[in-house]
Amino acid sequence: MLIARVIGNVVASQKNQRYEGSRIMLCRQITPEGDDMDYTCIALDSVNAGEGDIVVIAQEGWSASTAATGRAGAAIDSAIVGVVDYIDLLPSEKK
Amino acid sequence: MQIARVIGTVVSTVKNESLFGRKFLIVQTLDADLNKKGNPMVALDAVGAGVGELVFWCRGKEASFPFKRDETPTDCTIVGIIDSDAHMRNGEKKK
């Protein structure tokens, strides 16, 4: 799972049926210290995350499909599964 | 499955309901010589690991198998704690 910041949402009227009713969020991966990384992805929301929130994203088909739509088997490979309150890092790992 | 060091915790109150009671930890993957490899990531804990411990994790759909409620959405789970780095052998070289 990766830590990311929600940087926006994606509006799509034409989409796979199984995406109906889900929110599609645009996310940018960040380091545990909070710095932006190069990787950006879209993930379906299962926890009502909003723009600016730090979230945990699961990137595995079965988990993402189950978390976001309640059922397995959808063409979904990333889902937001948690909103991060804060991150505690070992002092030796902080930059 | 790979060796990693737990370097921090992620506190998340709002999360997918099948993750209630589960612990998110930040793990830094290591190579055979226990040097850092790649970026830290978030893993779900299945064995009661703590910060600073040497562990190994498993990825993919199999990551959700340790949990009884098999709908747990995770793509990375800590499945073992390595007793100590003295128990690791890299070829002839004892770490």
# chains A, B, ... in the order shown; residues from 1 in each chain; ligands from 1
$ select_by_dssp --residues "chain A" --states "strand (DSSP E)" --output "VMD selection string"
chain A and resid 2 to 10 24 to 30 36 to 45 54 to 58 79 to 83 86 to 89
$ interface_residues --of "chain A" --to "chain B" --cutoff "6 Å" --atoms "only C-alpha atoms" --output "PyMOL selection string"
chain A and resi 1-2+47+58+60+63+81-90
$ write_last_selection --atoms "N, CA and C atoms" --output "mmCIF file, in the first residue's frame"
data_model
loop_
_atom_site.group_PDB
_atom_site.id
_atom_site.type_symbol
_atom_site.label_atom_id
_atom_site.label_comp_id
_atom_site.auth_asym_id
_atom_site.auth_seq_id
_atom_site.Cartn_x
_atom_site.Cartn_y
_atom_site.Cartn_z
ATOM 1 N N MET A 1 0.845 -1.193 0.000
ATOM 2 C CA MET A 1 0.000 0.000 0.000
ATOM 3 C C MET A 1 0.874 1.233 0.000
ATOM 4 N N LEU A 2 0.382 2.300 -0.557
ATOM 5 C CA LEU A 2 1.197 3.504 -0.618
ATOM 6 C C LEU A 2 0.470 4.682 0.009
ATOM 7 N N VAL A 47 -13.770 5.653 1.385
ATOM 8 C CA VAL A 47 -13.821 6.217 2.749
ATOM 9 C C VAL A 47 -14.218 7.694 2.772
ATOM 10 N N ALA A 58 -4.661 0.984 -1.581
ATOM 11 C CA ALA A 58 -4.348 -0.431 -1.829
ATOM 12 C C ALA A 58 -4.327 -0.639 -3.336
ATOM 13 N N GLU A 60 -4.282 -3.481 -5.521
ATOM 14 C CA GLU A 60 -4.415 -4.899 -5.852
ATOM 15 C C GLU A 60 -5.864 -5.102 -6.254
ATOM 16 N N SER A 63 -8.731 -6.612 -3.768
ATOM 17 C CA SER A 63 -8.935 -5.736 -2.611
ATOM 18 C C SER A 63 -9.593 -4.429 -3.023
ATOM 19 N N VAL A 81 -8.267 3.185 0.911
ATOM 20 C CA VAL A 81 -8.840 2.368 1.987
ATOM 21 C C VAL A 81 -8.731 3.034 3.351
ATOM 22 N N GLY A 82 -8.032 4.161 3.453
ATOM 23 C CA GLY A 82 -7.938 4.829 4.755
ATOM 24 C C GLY A 82 -7.491 6.266 4.608
ATOM 25 N N VAL A 83 -7.947 7.113 5.552
ATOM 26 C CA VAL A 83 -7.486 8.498 5.606
ATOM 27 C C VAL A 83 -6.470 8.588 6.741
ATOM 28 N N VAL A 84 -5.309 9.146 6.466
ATOM 29 C CA VAL A 84 -4.228 9.184 7.453
ATOM 30 C C VAL A 84 -4.424 10.370 8.399
ATOM 31 N N ASP A 85 -4.404 10.099 9.715
ATOM 32 C CA ASP A 85 -4.419 11.185 10.700
ATOM 33 C C ASP A 85 -3.013 11.740 10.863
ATOM 34 N N TYR A 86 -2.091 10.864 11.198
ATOM 35 C CA TYR A 86 -0.687 11.272 11.227
ATOM 36 C C TYR A 86 0.202 10.056 11.089
ATOM 37 N N ILE A 87 1.483 10.326 10.827
ATOM 38 C CA ILE A 87 2.462 9.264 10.618
ATOM 39 C C ILE A 87 3.573 9.438 11.646
ATOM 40 N N ASP A 88 3.878 8.369 12.356
ATOM 41 C CA ASP A 88 4.975 8.364 13.318
ATOM 42 C C ASP A 88 6.142 7.638 12.686
ATOM 43 N N LEU A 89 7.288 8.301 12.564
ATOM 44 C CA LEU A 89 8.457 7.666 11.964
ATOM 45 C C LEU A 89 9.546 7.517 13.015
ATOM 46 N N LEU A 90 10.347 6.475 12.892
ATOM 47 C CA LEU A 90 11.531 6.339 13.733
ATOM 48 C C LEU A 90 12.388 7.592 13.558
#
$ residues_around --residues "Lys36 (chain B)" --least-positions-apart "5" --cutoff "12 Å" --atoms "only C-alpha atoms" --output "number ranges by chain"
A: 93; B: 2-7, 27-31
$ closest_residue --among "A:Thr69, A:Ser92, A:Gln59, A:Gln14" --to "Asp45 (chain A)" --atoms "only C-alpha atoms"
A:Thr69
$ residues_around --residues "Trp62 (chain A)" --least-positions-apart "2" --cutoff "7 Å" --atoms "only C-alpha atoms" --output "list in words"
Glu60, Ala64, Ser65, Thr66, Ala72 and Gly73 of chain A; Lys61 of chain B
$ atom_distance --atom1 "CA of Val47 (chain B)" --atom2 "CA of Asp85 (chain B)"
18.1 Å
$ atom_distance --atom1 "CA of Gly50 (chain B)" --atom2 "CA of Pro32 (chain A)"
16.9 Å
$ select_by_dssp --residues "chain A" --states "helix (DSSP H, G or I)" --output "PyMOL selection string"
chain A and resi 17-19+61-69+91-93
$ residues_around --residues "region 15-26 of chain A" --least-positions-apart "2" --cutoff "7 Å" --atoms "only C-alpha atoms" --output "list in words"
Val6, Ile7, Gly8, Asn9, Val10, Ala12, Ser13, Cys41, Ile42, Ala43, Leu44, Asp45 and Ala74 of chain A
$ closest_residue --among "B:Lys37, B:Met1, B:Phe67, B:Arg22" --to "Val55 (chain B)" --atoms "only C-alpha atoms"
B:Met1
$ atom_distance --atom1 "CA of Ile57 (chain A)" --atom2 "CA of Ile80 (chain A)"
4.4 Å
$ closest_residue --among "B:Asp33, B:Glu62, B:Asp45, B:Glu53" --to "Ile82 (chain B)" --atoms "only C-alpha atoms"
B:Glu53
$ residues_around --residues "Gly80 (chain B)" --least-positions-apart "5" --cutoff "9 Å" --atoms "only C-alpha atoms" --output "PDB file with N, CA and C atoms, in the first residue's frame"
ATOM      1  N   ALA B  46      -0.123  -8.504  10.478  1.00  0.00           N
ATOM      2  CA  ALA B  46      -0.875  -9.726  10.799  1.00  0.00           C
ATOM      3  C   ALA B  46      -0.239 -10.496  11.943  1.00  0.00           C
ATOM      4  N   VAL B  47       0.913 -10.027  12.462  1.00  0.00           N
ATOM      5  CA  VAL B  47       1.637 -10.818  13.457  1.00  0.00           C
ATOM      6  C   VAL B  47       1.995 -10.041  14.727  1.00  0.00           C
ATOM      7  N   GLY B  48       1.576  -8.802  14.838  1.00  0.00           N
ATOM      8  CA  GLY B  48       1.911  -8.020  16.027  1.00  0.00           C
ATOM      9  C   GLY B  48       3.305  -7.430  15.983  1.00  0.00           C
ATOM     10  N   ALA B  49       3.748  -7.023  14.830  1.00  0.00           N
ATOM     11  CA  ALA B  49       5.075  -6.412  14.688  1.00  0.00           C
ATOM     12  C   ALA B  49       5.062  -4.994  15.255  1.00  0.00           C
ATOM     13  N   LEU B  54      12.635  -6.268  12.486  1.00  0.00           N
ATOM     14  CA  LEU B  54      12.932  -6.836  11.177  1.00  0.00           C
ATOM     15  C   LEU B  54      11.806  -7.830  10.866  1.00  0.00           C
ATOM     16  N   VAL B  55      11.182  -7.667   9.712  1.00  0.00           N
ATOM     17  CA  VAL B  55      10.011  -8.499   9.389  1.00  0.00           C
ATOM     18  C   VAL B  55      10.119  -8.979   7.942  1.00  0.00           C
ATOM     19  N   PHE B  56       9.169  -9.791   7.527  1.00  0.00           N
ATOM     20  CA  PHE B  56       9.007  -9.999   6.088  1.00  0.00           C
ATOM     21  C   PHE B  56       7.558  -9.848   5.718  1.00  0.00           C
ATOM     22  N   TRP B  57       7.352  -9.383   4.475  1.00  0.00           N
ATOM     23  CA  TRP B  57       5.990  -9.096   4.025  1.00  0.00           C
ATOM     24  C   TRP B  57       5.663  -9.889   2.777  1.00  0.00           C
TER      25      TRP B  57
END
